[in-house]
Amino acid sequence: MRLIRIAIASLNTKVGALDAHVGRIVRFARLMADEGVTVGCFPEQTIGGYPAEDLVQWDAFVAAQWRALESIARATGDVPTVLALGLTAGWDGHLYNAAAVLHRGTILGLVPKEKLPTYGVFYEARTLSRGAPGLALDIAGVPLGDHIFSFDFGTLAVDVCEDAWTPDGPMRRRCFSGAEIVVNLSASPYRVGIDSTRREMLATRSSDNRAVLLYANQVGSQDGLVFDGGGLVFESGRLILAAPRFQEGLWHCVVDLDRTRRLRREDTTWRSDATAYLRDSPRVPVIASHASTGDRSDLPYPAPPSAGGFFLPADVAPSRSPRDLLLDELIDVLSLGVADYFRKAASFSGIGIALSGGRDSLLTLLIAWLAARRADVEPDRSKIDIRAFYMPSRFSLDETRQAAYTICEEIGVPLIELPIDDAFDTETGATRSMLAGQEPDSITMQNMQARIRAARMWNWANSANALFLQTGDMSEKAVGYTTIGGDLEGALSPIANVPKTVVIALLERLHLRFGLRAIRMTLDTEPGPELAADQTAENELMPFEILDACLHLYAGEKLSPDELANVLPALFPAVPATTLRAWAERFVTLFTRSIYKWVQAPLSLHVGTLDLERERALQIPVVHDSDWEHDPPEMP
């Protein structure tokens, strides 16, 4: 048997915090050594933080990462564990997203990422160069290129994040060249459903290549991205270790590399493919370390993968339904995003929310409350002080006022009531004067109220040095049911990429989990902005279920307006097709006309496959025509 202990460190990093990162990497490396770990891996870009974006264009930032790598090597000279960690490395006119392999104080080599994503929230190819088969460069005497590494226990390959997301990645040629263990350093942001997708993909890679696969993922948020951690270890497709998600830490397990070798010898397809590769392609060069990786004689043989023994799976009923699991996951992601933004920005003494008694502001307040609870129990986090402000007008309802007061009483958040009617009358008069005596239109009258509230929130936030959270949801943002300079304002938008139907589902889940009476009080009211008499959102727009279907099909699935109108009747058979067509046309018109609004919205947390943030997600020209949506006119 060739037993080795392998470990995954999930770290919560902050772009540019190199000194802090070096200290934590060294501390974790020593913990690994204390636990008898043979191979330990850290996430992608562990040294500089991810995503660094255009910051890598500063030579000093890249040079500092190299110095930090050398410092880590010096500090771990007595550590027998093989360490793999990520950084940005510069060579001539190129920058590489690289994995560095260290052992007993020596930087053995760097392996650059080959698959640079430029989809969704990723823009790596904008600044970085790709690794390639056969690449062989040198940085200060350290090899950089397409390499594998041999040690006294066996042969190791490293790759970076996206390299594992395709069967055409470097893992295959490196395993055919002798690598038995593949370490994948990742900074993979959370998306709804991403955990099951990752597991299936990584299990497939491990199985196809008959290899032990370690996956280390970043945890915590950076700007609007939230990383869920959750490292994994697979052996020939079988899950060996699944680290907890949404928390920093170190997890390890024991594997038998002789089993990997035996499975390769038994797998005729793998042997045939490897033979064909080695016949037609050069082997990936090997960098050897002759230093000892420590005593492994007392490592225990790996226990069965479950309580069911070697032949049966564990008979464990799921504690939560898939729907509840997803909702709880979203709650974790959103609260972690707010908590980390607050902590890492290091600019705020508290959080402020304009609380209306409606669904969106209630969910935003609860996310902030959960972020504060997270800060209370996790080390190295500052306590988060929350303040809520209720600013009613003559159109505010008693039911929503009572809900606002009730939730603040239930969760212990101070609430200050500041009516806006006097300011509203003053602004109405000023606007009337600017219009030479004409009356402002009804939409302007509504927008005025929202802008008064936003201005007050900014004034308070500036003076209190606080983080002002914007409370709008994705559905209303998509169709412009929001006010520039008003409820679109804030410094961070936690739920801007959460559709309204999901907002409601999250509140229902939170009510079940925490039993807060105010949630039910809010859900029992008609949703609406309360900026005019008898105003409800669904009457002014359309039912939220249909609105969200339009959002998914048009903006997510990229259906044309006609396709959208034709699909809706099958989804909502109880609604007349003519009504659905009118709503589809209304949605597309509002969506197109509202792009100029949502490109001005604050930084938002990214949680789904469809996000409305032009900088990182759905990049649609602000100014464009809709001719393409219709058949061309007949020419004379």
# chains A, B, ... in the order shown; residues from 1 in each chain; ligands from 1

$ residues_around --residues "A:Ile416" --least-positions-apart "2" --cutoff "10 Å" --atoms "only C-alpha atoms" --output "NGL selection string"
:A and (354-355 or 387-391 or 405 or 413-414 or 418-419)

$ residues_around --residues "A:Ile411" --least-positions-apart "6" --cutoff "12 Å" --atoms "only C-alpha atoms" --output "ChimeraX atom specification"
/A:362,365-370,372-373,386-388,404-405,514-519

$ select_by_dssp --residues "stretch 57-233 of chain A" --states "strand (DSSP E)" --output "MDAnalysis selection string"
chainID A and resid 82:91 94:103 106:112 136:139 142:145 148:151 154:160 181:186 212:217 219:222 225:228 232:233

$ residues_around --residues "A:Ala63" --least-positions-apart "2" --cutoff "12 Å" --atoms "only C-alpha atoms" --output "number ranges by chain"
A: 18, 47-48, 56-61, 65-70, 87-91, 95, 139-140

$ residues_around --residues "A:Glu530" --least-positions-apart "3" --cutoff "8 Å" --atoms "only C-alpha atoms" --output "list in words"
Phe395, Ser396, Leu397, Ala533, Asp534, Gln535 and Thr536 of chain A

$ residues_around --residues "A:Val219" --least-positions-apart "6" --cutoff "8 Å" --atoms "only C-alpha atoms" --output "PyMOL selection string"
chain A and resi 10-13+187+226-230+245-248

$ write_last_selection --atoms "N, CA and C atoms" --output "compact mmCIF listing (two decimals), in the first residue's frame"
# COMPACT_ATOMS: atom_id res chain seq x y z
N SER A 10 -9.42 25.64 2.60
CA SER A 10 -10.30 26.66 2.01
C SER A 10 -10.04 27.97 2.74
N LEU A 11 -9.52 28.97 2.01
CA LEU A 11 -9.17 30.25 2.62
C LEU A 11 -10.09 31.36 2.12
N ASN A 12 -10.35 32.30 3.00
CA ASN A 12 -11.14 33.48 2.68
C ASN A 12 -10.14 34.63 2.48
N THR A 13 -9.88 34.97 1.22
CA THR A 13 -8.85 35.95 0.91
C THR A 13 -9.46 37.29 0.52
N ALA A 187 -11.02 29.07 -7.72
CA ALA A 187 -11.79 30.16 -7.13
C ALA A 187 -13.08 30.20 -7.94
N VAL A 226 -19.41 35.66 -4.59
CA VAL A 226 -19.36 34.90 -3.34
C VAL A 226 -18.87 33.50 -3.66
N PHE A 227 -17.81 33.08 -2.97
CA PHE A 227 -17.21 31.77 -3.18
C PHE A 227 -17.62 30.86 -2.03
N ASP A 228 -18.07 29.65 -2.37
CA ASP A 228 -18.68 28.79 -1.37
C ASP A 228 -17.76 27.73 -0.80
N GLY A 229 -16.47 27.74 -1.21
CA GLY A 229 -15.55 26.76 -0.64
C GLY A 229 -15.98 25.34 -0.96
N GLY A 230 -15.95 24.47 0.06
CA GLY A 230 -16.43 23.11 -0.14
C GLY A 230 -15.48 22.26 -0.96
N ARG A 245 -19.07 23.61 3.20
CA ARG A 245 -19.10 24.82 2.39
C ARG A 245 -19.31 26.04 3.29
N PHE A 246 -19.00 27.21 2.75
CA PHE A 246 -19.25 28.51 3.39
C PHE A 246 -18.45 28.70 4.67
N GLN A 247 -17.33 27.99 4.80
CA GLN A 247 -16.48 28.23 5.97
C GLN A 247 -15.03 27.96 5.63
N GLU A 248 -14.16 28.74 6.26
CA GLU A 248 -12.73 28.57 6.09
C GLU A 248 -12.26 27.43 6.99

$ atom_distance --atom1 "atom CA of A:Lys344" --atom2 "atom CA of A:Ile194"
24.7 Å

$ residues_around --residues "A:Ala100" --least-positions-apart "6" --cutoff "12 Å" --atoms "only C-alpha atoms" --output "ChimeraX atom specification"
/A:40-47,65-66,68-70,72-73,82-89,106-113,139,142-149,157-160,183-185

$ residues_around --residues "A:Glu114" --least-positions-apart "5" --cutoff "9 Å" --atoms "only C-alpha atoms" --output "PyMOL selection string"
chain A and resi 97+129-133+159-160+162-163+169-170

$ closest_residue --among "A:Cys408, A:Leu553, A:Ala505, A:Ala496" --to "A:Leu326" --atoms "only C-alpha atoms"
A:Ala505

$ closest_residue --among "A:Arg343, A:Arg401, A:Arg271, A:Arg432" --to "A:Leu467" --atoms "only C-alpha atoms"
A:Arg343

$ closest_residue --among "A:Leu299, A:Ile546, A:Val498, A:Ala291" --to "A:Leu564" --atoms "only C-alpha atoms"
A:Ile546

$ closest_residue --among "A:Asp280, A:Asp340, A:Glu613, A:Glu540" --to "A:Arg586" --atoms "only C-alpha atoms"
A:Glu540
